[in-house]
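Novice: Contents are mmCIF, C-alpha atoms; file name model.cif:
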data_work
loop_
_atom_site.group_PDB
_atom_site.id
_atom_site.type_symbol
_atom_site.label_atom_id
_atom_site.label_comp_id
_atom_site.auth_asym_id
_atom_site.auth_seq_id
_atom_site.Cartn_x
_atom_site.Cartn_y
_atom_site.Cartn_z
ATOM 1 C CA MET A 6 105.091 92.021 112.904
ATOM 2 C CA ALA A 7 105.070 88.587 111.277
ATOM 3 C CA LEU A 8 101.900 87.391 109.573
ATOM 4 C CA THR A 9 100.118 84.683 111.582
ATOM 5 C CA ALA A 10 97.729 81.956 110.497
ATOM 6 C CA ARG A 11 94.890 83.740 112.286
ATOM 7 C CA GLN A 12 95.603 87.072 110.572
ATOM 8 C CA LEU A 13 95.596 85.412 107.163
ATOM 9 C CA LEU A 14 92.481 83.292 107.636
ATOM 10 C CA GLU A 15 90.286 85.401 109.930
ATOM 11 C CA PRO A 16 89.127 87.744 107.098
ATOM 12 C CA LEU A 17 88.043 84.625 105.159
ATOM 13 C CA GLN A 18 86.017 83.193 108.040
ATOM 14 C CA ALA A 19 82.641 84.208 106.633
ATOM 15 C CA SER A 20 83.265 83.390 102.969
ATOM 16 C CA LEU A 21 84.756 79.942 103.645
ATOM 17 C CA ASP A 22 82.926 79.000 106.892
ATOM 18 C CA LEU A 23 86.228 77.998 108.445
ATOM 19 C CA ASN A 24 86.262 75.907 111.617
ATOM 20 C CA TRP A 25 89.477 75.875 113.634
ATOM 21 C CA LEU A 26 90.579 72.563 115.137
ATOM 22 C CA ALA A 27 93.849 74.047 116.376
ATOM 23 C CA ALA A 28 94.484 75.449 119.834
ATOM 24 C CA PRO A 29 94.516 79.280 120.176
ATOM 25 C CA ALA A 30 98.304 79.311 120.597
ATOM 26 C CA VAL A 31 98.741 77.447 117.306
ATOM 27 C CA ARG A 32 96.562 79.988 115.491
ATOM 28 C CA GLU A 33 99.104 82.686 116.389
ATOM 29 C CA ARG A 34 101.941 80.731 114.812
ATOM 30 C CA PRO A 35 103.990 83.116 112.605
ATOM 31 C CA LEU A 36 104.021 82.161 108.939
ATOM 32 C CA ASP A 37 107.224 82.193 106.921
ATOM 33 C CA GLU A 38 106.424 85.181 104.687
ATOM 34 C CA PRO A 39 109.647 85.016 102.614
ATOM 35 C CA ARG A 40 108.911 81.375 101.800
ATOM 36 C CA LEU A 41 105.274 82.136 100.954
ATOM 37 C CA ARG A 42 106.345 85.024 98.735
ATOM 38 C CA GLU A 43 108.972 82.884 97.011
ATOM 39 C CA ALA A 44 106.471 80.074 96.435
ATOM 40 C CA GLY A 45 104.114 82.494 94.695
ATOM 41 C CA GLY A 46 101.190 80.640 93.124
ATOM 42 C CA ASN A 47 102.453 77.358 94.605
ATOM 43 C CA ALA A 48 102.067 78.603 98.173
ATOM 44 C CA VAL A 49 98.555 77.095 98.193
ATOM 45 C CA GLY A 50 97.774 73.721 96.639
ATOM 46 C CA TYR A 51 96.239 70.300 97.025
ATOM 47 C CA LEU A 52 97.839 67.735 99.335
ATOM 48 C CA ASN A 53 101.294 66.886 97.984
ATOM 49 C CA PRO A 54 103.308 64.353 100.030
ATOM 50 C CA VAL A 55 106.333 64.631 97.727
ATOM 51 C CA ARG A 56 106.655 68.429 97.585
ATOM 52 C CA PRO A 57 104.388 69.854 100.282
ATOM 53 C CA ASN A 58 102.959 73.313 99.684
ATOM 54 C CA PRO A 59 103.039 75.751 102.619
ATOM 55 C CA ILE A 60 99.204 75.731 102.689
ATOM 56 C CA GLN A 61 97.619 72.403 101.706
ATOM 57 C CA VAL A 62 93.980 71.657 100.954
ATOM 58 C CA LEU A 63 92.589 68.142 101.348
ATOM 59 C CA GLY A 64 89.576 67.348 99.190
ATOM 60 C CA HIS A 65 87.786 64.029 98.607
ATOM 61 C CA THR A 66 90.571 62.654 96.418
ATOM 62 C CA GLU A 67 93.332 63.522 98.891
ATOM 63 C CA LEU A 68 91.594 61.991 101.925
ATOM 64 C CA ALA A 69 90.687 58.885 99.918
ATOM 65 C CA TYR A 70 94.380 58.535 99.025
ATOM 66 C CA LEU A 71 95.344 58.635 102.721
ATOM 67 C CA GLN A 72 92.618 56.146 103.680
ATOM 68 C CA HIS A 73 93.901 53.549 101.212
ATOM 69 C CA LEU A 74 97.486 53.604 102.463
ATOM 70 C CA GLY A 75 98.839 50.853 104.673
ATOM 71 C CA THR A 76 99.789 51.618 108.266
ATOM 72 C CA ASN A 77 103.510 52.166 107.657
ATOM 73 C CA SER A 78 103.028 54.032 104.384
ATOM 74 C CA ARG A 79 100.376 56.237 106.003
ATOM 75 C CA HIS A 80 102.701 57.060 108.918
ATOM 76 C CA ASP A 81 105.557 57.964 106.549
ATOM 77 C CA THR A 82 103.232 60.027 104.346
ATOM 78 C CA LEU A 83 101.910 62.018 107.308
ATOM 79 C CA GLU A 84 105.475 62.748 108.406
ATOM 80 C CA ARG A 85 106.335 64.090 104.947
ATOM 81 C CA ILE A 86 103.136 66.155 104.796
ATOM 82 C CA LEU A 87 103.774 67.801 108.153
ATOM 83 C CA GLN A 88 107.417 68.598 107.642
ATOM 84 C CA THR A 89 108.625 72.035 106.497
ATOM 85 C CA PRO A 90 107.352 73.922 104.526
ATOM 86 C CA THR A 91 103.758 72.889 105.467
ATOM 87 C CA GLU A 92 102.220 75.621 107.640
ATOM 88 C CA ILE A 93 98.432 75.208 107.374
ATOM 89 C CA LEU A 94 96.114 72.277 106.548
ATOM 90 C CA ILE A 95 92.486 72.799 105.440
ATOM 91 C CA VAL A 96 90.037 69.919 104.925
ATOM 92 C CA SER A 97 87.247 70.770 102.468
ATOM 93 C CA ASP A 98 83.674 69.623 101.795
ATOM 94 C CA ALA A 99 82.804 69.199 105.511
ATOM 95 C CA GLN A 100 84.834 65.983 105.663
ATOM 96 C CA ALA A 101 85.915 64.475 108.970
ATOM 97 C CA VAL A 102 89.587 64.930 109.787
ATOM 98 C CA PRO A 103 91.382 61.597 110.403
ATOM 99 C CA ASN A 104 92.438 61.309 114.043
ATOM 100 C CA ASP A 105 96.053 60.462 113.262
ATOM 101 C CA LEU A 106 96.350 63.463 110.939
ATOM 102 C CA ARG A 107 94.900 65.780 113.566
ATOM 103 C CA THR A 108 97.134 64.371 116.325
ATOM 104 C CA ALA A 109 100.275 64.601 114.179
ATOM 105 C CA ALA A 110 99.438 68.180 113.136
ATOM 106 C CA GLU A 111 98.917 69.247 116.761
ATOM 107 C CA ALA A 112 102.248 67.702 117.726
ATOM 108 C CA SER A 113 103.940 69.666 114.920
ATOM 109 C CA GLY A 114 102.147 72.917 115.812
ATOM 110 C CA ILE A 115 100.412 73.116 112.427
ATOM 111 C CA PRO A 116 96.899 74.640 112.340
ATOM 112 C CA VAL A 117 94.149 72.375 110.990
ATOM 113 C CA LEU A 118 90.845 73.783 109.764
ATOM 114 C CA THR A 119 87.730 72.410 108.110
ATOM 115 C CA SER A 120 85.301 74.022 105.690
ATOM 116 C CA PRO A 121 82.051 72.915 104.014
ATOM 117 C CA ARG A 122 83.183 74.680 100.841
ATOM 118 C CA PRO A 123 84.564 72.787 97.806
ATOM 119 C CA ALA A 124 88.325 72.427 97.598
ATOM 120 C CA ARG A 125 88.530 74.514 94.402
ATOM 121 C CA GLN A 126 86.751 77.472 96.020
ATOM 122 C CA ILE A 127 89.101 77.299 99.011
ATOM 123 C CA LEU A 128 92.150 77.238 96.740
ATOM 124 C CA ASP A 129 91.014 80.199 94.654
ATOM 125 C CA THR A 130 90.014 82.295 97.672
ATOM 126 C CA LEU A 131 93.256 81.585 99.536
ATOM 127 C CA ARG A 132 95.464 82.318 96.530
ATOM 128 C CA HIS A 133 93.755 85.656 96.002
ATOM 129 C CA ALA A 134 93.965 86.576 99.694
ATOM 130 C CA LEU A 135 97.620 85.549 99.937
ATOM 131 C CA THR A 136 98.550 87.522 96.829
ATOM 132 C CA ARG A 137 96.968 90.672 98.249
ATOM 133 C CA ARG A 138 98.432 90.147 101.709
ATOM 134 C CA LEU A 139 102.006 89.573 100.496
ATOM 135 C CA ALA A 140 101.992 92.223 97.773
ATOM 136 C CA ALA A 141 104.873 94.705 97.948
ATOM 137 C CA ARG A 142 103.731 97.889 99.689
ATOM 138 C CA GLN A 143 104.917 101.474 100.114
ATOM 139 C CA ILE A 144 103.637 104.494 102.074
ATOM 140 C CA LEU A 145 103.863 107.845 100.278
ATOM 141 C CA HIS A 146 103.378 111.301 101.749
ATOM 142 C CA GLY A 147 100.429 113.060 100.138
ATOM 143 C CA VAL A 148 96.666 113.038 99.681
ATOM 144 C CA PHE A 149 95.167 110.236 97.602
ATOM 145 C CA MET A 150 91.837 110.983 95.933
ATOM 146 C CA GLU A 151 89.502 109.771 93.236
ATOM 147 C CA VAL A 152 89.076 112.579 90.717
ATOM 148 C CA MET A 153 86.689 111.975 87.835
ATOM 149 C CA GLY A 154 87.037 108.222 88.254
ATOM 150 C CA LEU A 155 90.856 108.134 88.359
ATOM 151 C CA GLY A 156 93.109 107.626 91.366
ATOM 152 C CA VAL A 157 95.175 110.815 91.824
ATOM 153 C CA LEU A 158 97.942 111.309 94.389
ATOM 154 C CA LEU A 159 98.607 114.939 95.377
ATOM 155 C CA THR A 160 102.218 115.345 96.521
ATOM 156 C CA GLY A 161 104.513 118.230 97.344
ATOM 157 C CA PRO A 162 106.432 119.812 100.242
ATOM 158 C CA SER A 163 104.877 119.916 103.696
ATOM 159 C CA GLY A 164 102.600 122.944 104.105
ATOM 160 C CA VAL A 165 102.135 123.487 100.375
ATOM 161 C CA GLY A 166 98.345 123.149 100.706
ATOM 162 C CA LYS A 167 97.552 119.583 99.686
ATOM 163 C CA SER A 168 94.817 119.094 102.289
ATOM 164 C CA GLU A 169 93.207 122.464 101.530
ATOM 165 C CA LEU A 170 93.130 121.512 97.863
ATOM 166 C CA ALA A 171 91.611 118.156 98.792
ATOM 167 C CA LEU A 172 88.787 120.022 100.556
ATOM 168 C CA GLU A 173 88.141 122.027 97.388
ATOM 169 C CA LEU A 174 87.977 118.830 95.365
ATOM 170 C CA LEU A 175 85.622 117.237 97.898
ATOM 171 C CA GLY A 176 83.345 120.257 97.530
ATOM 172 C CA ARG A 177 83.331 119.645 93.768
ATOM 173 C CA GLY A 178 82.098 116.076 94.226
ATOM 174 C CA HIS A 179 85.356 114.106 94.166
ATOM 175 C CA ARG A 180 86.249 111.503 96.797
ATOM 176 C CA LEU A 181 88.942 111.025 99.436
ATOM 177 C CA VAL A 182 90.854 107.778 99.793
ATOM 178 C CA ALA A 183 93.596 108.751 102.261
ATOM 179 C CA ASP A 184 95.216 111.841 103.724
ATOM 180 C CA ASP A 185 98.873 112.193 104.733
ATOM 181 C CA ALA A 186 100.074 108.572 104.521
ATOM 182 C CA PRO A 187 98.267 106.474 101.882
ATOM 183 C CA GLU A 188 99.527 102.903 101.617
ATOM 184 C CA PHE A 189 100.162 101.519 98.127
ATOM 185 C CA ARG A 190 100.447 97.897 97.056
ATOM 186 C CA ARG A 191 101.562 96.459 93.752
ATOM 187 C CA THR A 192 98.666 94.310 92.598
ATOM 188 C CA GLY A 193 99.852 93.425 89.096
ATOM 189 C CA PRO A 194 102.705 93.858 86.622
ATOM 190 C CA ASP A 195 101.625 97.445 85.880
ATOM 191 C CA ALA A 196 99.057 98.138 88.605
ATOM 192 C CA VAL A 197 99.390 99.868 91.975
ATOM 193 C CA HIS A 198 96.445 100.281 94.352
ATOM 194 C CA GLY A 199 96.233 102.671 97.284
ATOM 195 C CA ARG A 200 94.277 102.485 100.516
ATOM 196 C CA CYS A 201 94.026 104.323 103.809
ATOM 197 C CA PRO A 202 95.556 102.864 106.988
ATOM 198 C CA PRO A 203 92.624 101.938 109.276
ATOM 199 C CA LEU A 204 93.682 104.439 111.958
ATOM 200 C CA LEU A 205 93.426 107.364 109.504
ATOM 201 C CA ALA A 206 90.277 106.284 107.649
ATOM 202 C CA ASP A 207 87.766 109.128 107.018
ATOM 203 C CA PHE A 208 90.017 111.831 108.522
ATOM 204 C CA ILE A 209 91.883 114.742 106.971
ATOM 205 C CA GLU A 210 94.078 117.340 108.699
ATOM 206 C CA VAL A 211 93.831 120.952 107.544
ATOM 207 C CA ARG A 212 96.023 123.683 108.983
ATOM 208 C CA GLY A 213 93.948 126.105 110.999
ATOM 209 C CA LEU A 214 90.985 123.718 111.235
ATOM 210 C CA GLY A 215 92.665 120.650 112.718
ATOM 211 C CA ILE A 216 91.294 117.135 112.213
ATOM 212 C CA LEU A 217 88.118 116.852 110.126
ATOM 213 C CA ASN A 218 85.903 113.811 109.574
ATOM 214 C CA VAL A 219 85.167 113.780 105.847
ATOM 215 C CA ARG A 220 82.521 111.070 106.065
ATOM 216 C CA ALA A 221 80.599 112.960 108.765
ATOM 217 C CA MET A 222 80.863 116.276 106.877
ATOM 218 C CA TYR A 223 80.228 115.191 103.284
ATOM 219 C CA GLY A 224 78.520 111.802 103.594
ATOM 220 C CA ASN A 225 79.500 108.201 102.849
ATOM 221 C CA HIS A 226 79.801 108.891 99.134
ATOM 222 C CA ALA A 227 82.766 111.238 99.758
ATOM 223 C CA VAL A 228 85.065 108.482 101.048
ATOM 224 C CA LEU A 229 86.501 105.588 99.076
ATOM 225 C CA GLU A 230 88.179 102.556 100.644
ATOM 226 C CA HIS A 231 90.764 101.920 97.933
ATOM 227 C CA LYS A 232 91.614 102.921 94.364
ATOM 228 C CA ARG A 233 94.114 102.181 91.638
ATOM 229 C CA LEU A 234 96.791 104.873 91.252
ATOM 230 C CA HIS A 235 96.612 106.451 87.776
ATOM 231 C CA LEU A 236 98.259 109.853 88.113
ATOM 232 C CA ILE A 237 100.559 111.807 90.449
ATOM 233 C CA ILE A 238 100.207 115.597 90.656
ATOM 234 C CA ASP A 239 103.210 117.278 92.267
ATOM 235 C CA LEU A 240 102.461 120.701 93.786
ATOM 236 C CA GLN A 241 105.516 122.977 93.902
ATOM 237 C CA PRO A 242 106.009 126.515 95.269
ATOM 238 C CA GLU A 243 106.181 129.419 92.801
ATOM 239 C CA GLU A 244 109.902 129.983 93.437
ATOM 240 C CA GLU A 245 110.733 126.712 91.691
ATOM 241 C CA PRO A 246 112.760 127.150 88.433
ATOM 242 C CA SER A 247 110.735 127.906 85.335
ATOM 243 C CA ALA A 248 109.712 124.955 83.226
ATOM 244 C CA SER A 249 111.484 124.215 79.968
ATOM 245 C CA PRO A 250 109.655 124.837 76.654
ATOM 246 C CA ASP A 251 109.038 121.093 76.259
ATOM 247 C CA GLU A 252 107.455 120.923 79.721
ATOM 248 C CA ARG A 253 105.331 124.024 79.046
ATOM 249 C CA LEU A 254 103.964 122.448 75.873
ATOM 250 C CA GLY A 255 103.438 119.108 77.586
ATOM 251 C CA GLN A 256 105.747 117.232 75.214
ATOM 252 C CA ARG A 257 107.968 115.795 77.916
ATOM 253 C CA ASP A 258 106.352 112.868 79.703
ATOM 254 C CA ARG A 259 107.157 112.664 83.393
ATOM 255 C CA HIS A 260 106.883 109.495 85.446
ATOM 256 C CA ARG A 261 107.573 108.500 89.013
ATOM 257 C CA GLU A 262 108.248 104.900 89.952
ATOM 258 C CA VAL A 263 106.023 103.472 92.671
ATOM 259 C CA LEU A 264 106.907 99.899 93.626
ATOM 260 C CA GLY A 265 108.663 99.512 90.290
ATOM 261 C CA VAL A 266 105.663 100.704 88.242
ATOM 262 C CA PRO A 267 106.075 103.986 86.288
ATOM 263 C CA ILE A 268 103.169 106.309 87.169
ATOM 264 C CA PRO A 269 102.528 109.424 85.006
ATOM 265 C CA GLU A 270 103.288 112.645 86.870
ATOM 266 C CA VAL A 271 102.264 116.271 86.332
ATOM 267 C CA CYS A 272 103.909 119.223 88.078
ATOM 268 C CA LEU A 273 101.680 122.194 89.008
ATOM 269 C CA VAL A 274 103.367 125.378 90.218
ATOM 270 C CA LEU A 275 101.526 127.298 92.915
ATOM 271 C CA ALA A 276 100.875 130.975 92.152
ATOM 272 C CA PRO A 277 98.384 133.589 93.350
ATOM 273 C CA GLY A 278 95.110 133.494 91.462
ATOM 274 C CA ARG A 279 95.481 129.949 90.130
ATOM 275 C CA ASP A 280 92.409 127.778 90.669
ATOM 276 C CA LEU A 281 94.200 124.506 91.365
ATOM 277 C CA SER A 282 91.048 122.414 91.669
ATOM 278 C CA VAL A 283 90.099 123.386 88.091
ATOM 279 C CA LEU A 284 93.666 122.721 86.920
ATOM 280 C CA ILE A 285 93.656 119.274 88.521
ATOM 281 C CA GLU A 286 90.378 118.386 86.836
ATOM 282 C CA ALA A 287 91.883 119.579 83.543
ATOM 283 C CA ALA A 288 95.019 117.481 84.169
ATOM 284 C CA VAL A 289 92.871 114.400 84.788
ATOM 285 C CA ARG A 290 90.774 115.020 81.644
ATOM 286 C CA ASN A 291 93.971 115.457 79.638
ATOM 287 C CA HIS A 292 95.357 112.229 81.062
ATOM 288 C CA VAL A 293 92.192 110.394 80.016
ATOM 289 C CA LEU A 294 92.657 111.757 76.474
ATOM 290 C CA ARG A 295 96.265 110.543 76.469
ATOM 291 C CA LEU A 296 95.130 107.098 77.549
ATOM 292 C CA SER A 297 92.835 107.076 74.523
ATOM 293 C CA GLY A 298 95.775 107.970 72.254
ATOM 294 C CA TYR A 299 95.308 111.728 71.840
ATOM 295 C CA ASN A 300 98.129 114.159 72.722
ATOM 296 C CA ALA A 301 97.182 117.846 72.527
ATOM 297 C CA ALA A 302 100.829 119.009 72.331
ATOM 298 C CA GLU A 303 101.555 116.698 69.407
ATOM 299 C CA ASP A 304 98.339 117.828 67.689
ATOM 300 C CA PHE A 305 99.361 121.490 68.131
ATOM 301 C CA MET A 306 102.898 120.876 66.816
ATOM 302 C CA GLN A 307 101.523 118.989 63.834
ATOM 303 C CA ARG A 308 99.209 121.896 62.962
ATOM 304 C CA GLN A 309 102.123 124.304 63.277
ATOM 305 C CA HIS A 310 104.286 122.121 61.041
ATOM 306 C CA GLN A 311 101.552 121.933 58.398
ATOM 307 C CA ALA A 312 101.047 125.710 58.514
ATOM 308 C CA MET A 313 104.777 126.345 58.062
ATOM 309 C CA HIS A 314 104.965 124.059 55.024
ATOM 310 C CA LYS A 315 101.667 125.052 53.444
ATOM 311 C CA PRO A 316 102.248 126.439 49.940
ATOM 312 C CA GLU A 317 101.478 130.131 49.587
ATOM 313 C CA SER A 318 98.426 130.819 47.440
#
Could you take the file, read its structure, and then write that structure out as structure tokens?
Specialist:
Amino acid sequence: MALTARQLLEPLQASLDLNWLAAPAVRERPLDEPRLREAGGNAVGYLNPVRPNPIQVLGHTELAYLQHLGTNSRHDTLERILQTPTEILIVSDAQAVPNDLRTAAEASGIPVLTSPRPARQILDTLRHALTRRLAARQILHGVFMEVMGLGVLLTGPSGVGKSELALELLGRGHRLVADDAPEFRRTGPDAVHGRCPPLLADFIEVRGLGILNVRAMYGNHAVLEHKRLHLIIDLQPEEEPSASPDERLGQRDRHREVLGVPIPEVCLVLAPGRDLSVLIEAAVRNHVLRLSGYNAAEDFMQRQHQAMHKPES
């Protein structure tokens, strides 16, 4: 479904005190997402008659410029402003909207809004909202949790026990972000954030128990709205091939690309008697050490090398 002006601006209603001057039908006008995405940081800007931005903000300076134009120049300028790619006009600082601008915008089907907020605040808020809304996104199968402060995605074949493991982790004080189908967005050059689709929020499905409400069972503190993805833990059945010596020592770094960002990955093999919740906490602690520059495998190999080359006494 195409993004509409209402869908983009409605979440900002409270923070910007937006007042719609457009008819309801105009509010549902689909925005040109490919053009907005291509424009990037220039998708929102001050009034520009020469190269109109898709979303234009009119502050004191911009309205004063229009007021000082002659009749013909003003008419030509309004035509240029309201041609493609302009899609939304917002007048800041509680200023009155000129009648000819409002009439021309209505004729072109372009939403016009006013706000008592300063133009700079409107620009910053809109740029941030547009960046988040248009960020590349991907849905991955698994359970996304916060474990010891880090965002951890539990993946693996269907029926391997991801949700049961999530329950164990919840009982140990960790938090659930999303079960089954977490949605991830790229929020920076090397950052991916995950959230739960609204329909699935608070719920987890466990075989034999059915649908459980985590918030109702464990309290508000057990559920997190969103989190940055730091680590992927892949759960594999015991019959998977044995790991190589490098993998057993932890010398081989594994990564999985999510939206073009390499995310560190650890593979845990399921076997009777293994306490996976403890192993996951250990994997997260080890990852934190690696982020600080310490690698246990390299430390071990270095000690072994020194012992082998130590002169005999």
Novice: Between A:Ala69, A:Leu145, A:Val117, A:Ile216, which is the closest to Glu262 (chain A) once you count only C-alpha atoms?
Specialist: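 The answer is A:Leu145, which sits nearest to Glu262 (chain A).
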Novice: When distances are computed from all atoms listed in the file, which of A:Pro103, A:Pro39, A:Pro90, A:Pro121 shows the smallest separation from Arg56 (chain A)?
Specialist: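 With all atoms listed in the file as the atom set, the closest residue is A:Pro90.
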Novice: Take CA of Leu264 (chain A) and CA of Ile127 (chain A) and report the distance between them in Å, one decimal.
Specialist: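 It comes out at 29.3 Å.
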Novice: Need to verify the contact set: Ile237 (chain A), 12 Å, only C-alpha atoms, exclusion of same-chain residues closer than 6 positions in sequence. Can you return it as JSON, numbers by chain?
Specialist: {"A": [145, 146, 147, 148, 149, 150, 151, 152, 155, 156, 157, 158, 159, 160, 161, 259, 260, 261, 262, 263, 267, 268, 269, 270, 271, 272, 273, 285, 288, 289, 292]}
Novice: What's around Leu14 (chain A) at 12 Å? Count only C-alpha atoms, leave out sequence neighbours fewer than 2 positions away in its own chain, and write the answer as a PyMOL selection string.
Specialist: chain A and resi 8-12+16-25+32-33+36+60+93-95+116-120+127+130-135+138
Novice: To one decimal place, how far is CA of Glu169 (chain A) from CA of Pro242 (chain A) in Å?
Specialist: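 Between CA of Glu169 (chain A) and CA of Pro242 (chain A) the gap is 14.8 Å.
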Novice: Restricting the calculation to all atoms listed in the file: of A:Gly50, A:Arg42, A:Gln307, A:Gly154, which residue gets closest to Gln126 (chain A)?
Specialist: A:Gly50
Novice: If you apply the PyMOL selection byres ((chain A and resi 186-196) around 6) to this file, what residues do you get, as a PyMOL selection string?
Specialist: chain A and resi 140-146+183-185+197-201+266
Novice: Closest to Arg295 (chain A) among A:Val283, A:Val219, A:Leu236, A:Leu275, using all atoms listed in the file?
Specialist: A:Leu236
Novice: Which polymer residues have any atom within 8 Å of an atom of Tyr51 (chain A), counting only C-alpha atoms, with same-chain residues fewer than 3 positions away left out, as a PyMOL selection string?
Specialist: chain A and resi 58+61-64+67
Novice: Please report the interatomic distance between CA of Arg122 (chain A) and CA of Ala27 (chain A) in Å with one decimal.
Specialist: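 So the answer is 18.9 Å.
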Novice: Using all atoms listed in the file, which of the listed residues (A:His314, A:Arg107, A:His235, A:His65) sits closest to Ala124 (chain A)?
Specialist: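 Of all the options, A:His65 lies closest to Ala124 (chain A).
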Novice: Of the candidates A:Met313, A:Gly45, A:Leu296, A:Ser282, which one gets nearest to Leu139 (chain A) if we count all atoms listed in the file?
Specialist: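 Nearest candidate to Leu139 (chain A) out of A:Met313, A:Gly45, A:Leu296, A:Ser282: A:Gly45.
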